[in-house]
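Chemist: Mind having a look at this structure? Questions to follow.
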Amino acid sequence: MVLDSHEFMTRMARRTNFTPEDRAILQASADWGLEIAPDMADAFYTYMGNDEEMNAILNESEGRIHRLRETFVEWFHEMFTGMDDWGTDYADRRWRIGLIHVRVGIGPQHVVPAMATVVNEVGQRLRSEGKSDELHDALSRICMIDLAFIEQAYLEISTAAVLKETGWTEKLFKRMIATGAAAST
Amino acid sequence: MAINLEKISAILQNFVSSTNDVQGAALVTPDGLPLAATLPGGMDEERVSAMSAAMLSLGERIGGELARGSIDRIYVEGNTGYGILTSCSEDAVFLVLASQAAKQGLLLLEIKRAVTELKTLLQ
């Protein structure tokens, strides 16, 4: 089970209605995005640091938080530039970021509230600087797409590990999840 | 050639009714879908099928990891009876449920016969 990141990106763009207009608005604000990225990183890691479990993960090895912070700034700016117009490079990079989250043990329970913090911080910044609602909407959509990548990476990697260790087919695994879920409700 | 499900069902029913102390049997795909089943009342055919496929597959994986060679069958022995899973070609798993009173030698022989018959229908 290997995710086709480009196909996933296309599907998510369609699902969130991430339009060419959104892309143009984001690209037009790319410099602004880069300018506020360090502040967003500060807000993000302050939030994460206040969570005992997250703080332990972030500081597990020397220099990890520094590297992650640098990645955050790049990630944030790329949401505006779209790298290759939100194409294959963008999708591959989002997938790799998702894999890093899985590797360091940051799961959906951590990522969703953390992403909400970013969206909230950016929203406040947009309002305080009198930016347009259109930019706010475009940014919200691309944030949700990026969040979907991270969530999907967690699911894909967990599933792949189970399938590898058990020899189960993907269809069997999905059937067991469905019957297990039905039995639990 | 299409798989003759009617004949498979007949083999299963005959196996259950004519083999001493056998309480049920099912033939399922490696994806855990039932092909045919004659199970005791109250057992969920879908769940039993998924579990059977999962267990045989896991058993094969364990067999490989522990260098036990290819796995012929898996036993589940409880205080009220047995569950025996046998690989039946690459396309199916044969599950047999038997009571504690079942004579294992006889049971294995009957399973072997049934599997041979089923395999010809699955080809």
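For the structure tokens, the naming scheme is as follows: chains receive sequential letters (A, B, ...) according to their order of presentation, residues are indexed from 1 within each chain, and ligands are indexed from 1 in presentation order.
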Could you please select, counting only C-alpha atoms, the residues of chain A within 10 Å of chain B and state them as JSON, numbers by chain?
Modeler: {"A": [163, 164, 165, 166, 167, 168, 169, 170, 171, 172, 173, 174, 175, 176, 179, 180, 183]}
Chemist: Mind dumping the selected residues with N, CA and C atoms as a PDB file, in the first residue's frame?
Modeler:
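Dumped everything to selection.pdb:
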```pdb
ATOM      1  N   LEU A 163       0.148  -5.136   7.633  1.00  0.00           N
ATOM      2  CA  LEU A 163       0.085  -6.061   6.497  1.00  0.00           C
ATOM      3  C   LEU A 163       1.406  -6.815   6.341  1.00  0.00           C
ATOM      4  N   LYS A 164       2.496  -6.098   6.549  1.00  0.00           N
ATOM      5  CA  LYS A 164       3.818  -6.732   6.403  1.00  0.00           C
ATOM      6  C   LYS A 164       4.017  -7.815   7.471  1.00  0.00           C
ATOM      7  N   GLU A 165       3.643  -7.490   8.695  1.00  0.00           N
ATOM      8  CA  GLU A 165       3.897  -8.428   9.799  1.00  0.00           C
ATOM      9  C   GLU A 165       2.939  -9.614   9.816  1.00  0.00           C
ATOM     10  N   THR A 166       1.718  -9.413   9.320  1.00  0.00           N
ATOM     11  CA  THR A 166       0.718 -10.486   9.408  1.00  0.00           C
ATOM     12  C   THR A 166       0.553 -11.259   8.105  1.00  0.00           C
ATOM     13  N   GLY A 167       0.935 -10.622   6.990  1.00  0.00           N
ATOM     14  CA  GLY A 167       0.714 -11.256   5.693  1.00  0.00           C
ATOM     15  C   GLY A 167      -0.726 -11.112   5.228  1.00  0.00           C
ATOM     16  N   TRP A 168      -1.536 -10.354   5.955  1.00  0.00           N
ATOM     17  CA  TRP A 168      -2.942 -10.154   5.571  1.00  0.00           C
ATOM     18  C   TRP A 168      -3.021  -9.351   4.287  1.00  0.00           C
ATOM     19  N   THR A 169      -4.077  -9.601   3.526  1.00  0.00           N
ATOM     20  CA  THR A 169      -4.299  -8.769   2.350  1.00  0.00           C
ATOM     21  C   THR A 169      -4.952  -7.459   2.811  1.00  0.00           C
ATOM     22  N   GLU A 170      -4.824  -6.447   1.969  1.00  0.00           N
ATOM     23  CA  GLU A 170      -5.405  -5.149   2.316  1.00  0.00           C
ATOM     24  C   GLU A 170      -6.931  -5.244   2.446  1.00  0.00           C
ATOM     25  N   LYS A 171      -7.526  -6.040   1.538  1.00  0.00           N
ATOM     26  CA  LYS A 171      -8.992  -6.205   1.589  1.00  0.00           C
ATOM     27  C   LYS A 171      -9.417  -6.883   2.886  1.00  0.00           C
ATOM     28  N   LEU A 172      -8.651  -7.880   3.302  1.00  0.00           N
ATOM     29  CA  LEU A 172      -8.976  -8.577   4.555  1.00  0.00           C
ATOM     30  C   LEU A 172      -8.859  -7.615   5.731  1.00  0.00           C
ATOM     31  N   PHE A 173      -7.813  -6.827   5.739  1.00  0.00           N
ATOM     32  CA  PHE A 173      -7.595  -5.874   6.833  1.00  0.00           C
ATOM     33  C   PHE A 173      -8.760  -4.874   6.910  1.00  0.00           C
ATOM     34  N   LYS A 174      -9.144  -4.363   5.753  1.00  0.00           N
ATOM     35  CA  LYS A 174     -10.259  -3.401   5.735  1.00  0.00           C
ATOM     36  C   LYS A 174     -11.560  -4.062   6.194  1.00  0.00           C
ATOM     37  N   ARG A 175     -11.728  -5.330   5.799  1.00  0.00           N
ATOM     38  CA  ARG A 175     -12.933  -6.055   6.217  1.00  0.00           C
ATOM     39  C   ARG A 175     -12.950  -6.227   7.731  1.00  0.00           C
ATOM     40  N   MET A 176     -11.790  -6.544   8.289  1.00  0.00           N
ATOM     41  CA  MET A 176     -11.718  -6.729   9.744  1.00  0.00           C
ATOM     42  C   MET A 176     -11.993  -5.416  10.477  1.00  0.00           C
ATOM     43  N   THR A 179     -15.815  -4.868  10.176  1.00  0.00           N
ATOM     44  CA  THR A 179     -16.616  -5.745  11.037  1.00  0.00           C
ATOM     45  C   THR A 179     -16.340  -5.434  12.510  1.00  0.00           C
ATOM     46  N   GLY A 180     -15.092  -5.084  12.805  1.00  0.00           N
ATOM     47  CA  GLY A 180     -14.749  -4.722  14.184  1.00  0.00           C
ATOM     48  C   GLY A 180     -15.463  -3.455  14.617  1.00  0.00           C
ATOM     49  N   ALA A 183     -19.080  -4.173  15.203  1.00  0.00           N
ATOM     50  CA  ALA A 183     -19.301  -4.899  16.462  1.00  0.00           C
ATOM     51  C   ALA A 183     -19.156  -3.975  17.668  1.00  0.00           C
TER      52      ALA A 183
END
```
Chemist: Tell me, as a VMD selection string, which residues lie within 12 Å of B:Val76, counting only C-alpha atoms; anything in the same chain fewer than 2 positions away does not count.
Modeler: chain B and resid 52 55 to 56 59 73 to 74 78 to 86 95 to 100
Chemist: Output C-alpha atoms of each residue in that selection to a file, as a compact mmCIF listing (two decimals), in the first residue's frame.
Modeler:
```
# COMPACT_ATOMS: atom_id res chain seq x y z
CA SER B 52 -10.16 -17.67 9.48
CA MET B 55 -5.41 -16.60 11.31
CA LEU B 56 -4.12 -18.80 8.52
CA GLY B 59 0.15 -18.60 10.95
CA ARG B 73 -2.86 -26.41 9.14
CA ILE B 74 -3.50 -24.44 12.28
CA GLY B 78 -10.23 -25.03 23.48
CA ASN B 79 -11.83 -26.84 26.39
CA THR B 80 -14.99 -27.45 24.36
CA GLY B 81 -13.51 -28.33 21.00
CA TYR B 82 -11.28 -27.61 18.05
CA GLY B 83 -11.04 -25.15 15.23
CA ILE B 84 -8.84 -26.39 12.42
CA LEU B 85 -7.73 -24.22 9.53
CA THR B 86 -6.29 -25.82 6.42
CA LEU B 95 -12.22 -24.08 8.47
CA VAL B 96 -13.54 -27.02 10.46
CA LEU B 97 -15.14 -26.82 13.89
CA ALA B 98 -15.27 -30.02 15.91
CA SER B 99 -16.27 -30.95 19.44
CA GLN B 100 -13.80 -32.13 22.06
```
Chemist: Could you pull out the helix (DSSP H, G or I) residues of stretch 14-157 of chain A from DSSP and send them as a VMD selection string?
Modeler: chain A and resid 14 to 15 20 to 28 30 to 49 52 to 58 64 to 81 88 to 104 108 to 128 133 to 157
Chemist: In terms of the shortest atom-to-atom distance over only C-alpha atoms, which of B:Phe15, B:Ala92, B:Ile3, B:Tyr75 is closest to B:Leu109?
Modeler: B:Phe15
Chemist: Pick the closest to B:Glu90 from B:Met43, B:Thr38, B:Leu5, B:Leu122: which is it, counting only C-alpha atoms?
Modeler: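 Between B:Met43, B:Thr38, B:Leu5, B:Leu122, the residue approaching B:Glu90 most closely is B:Leu122.
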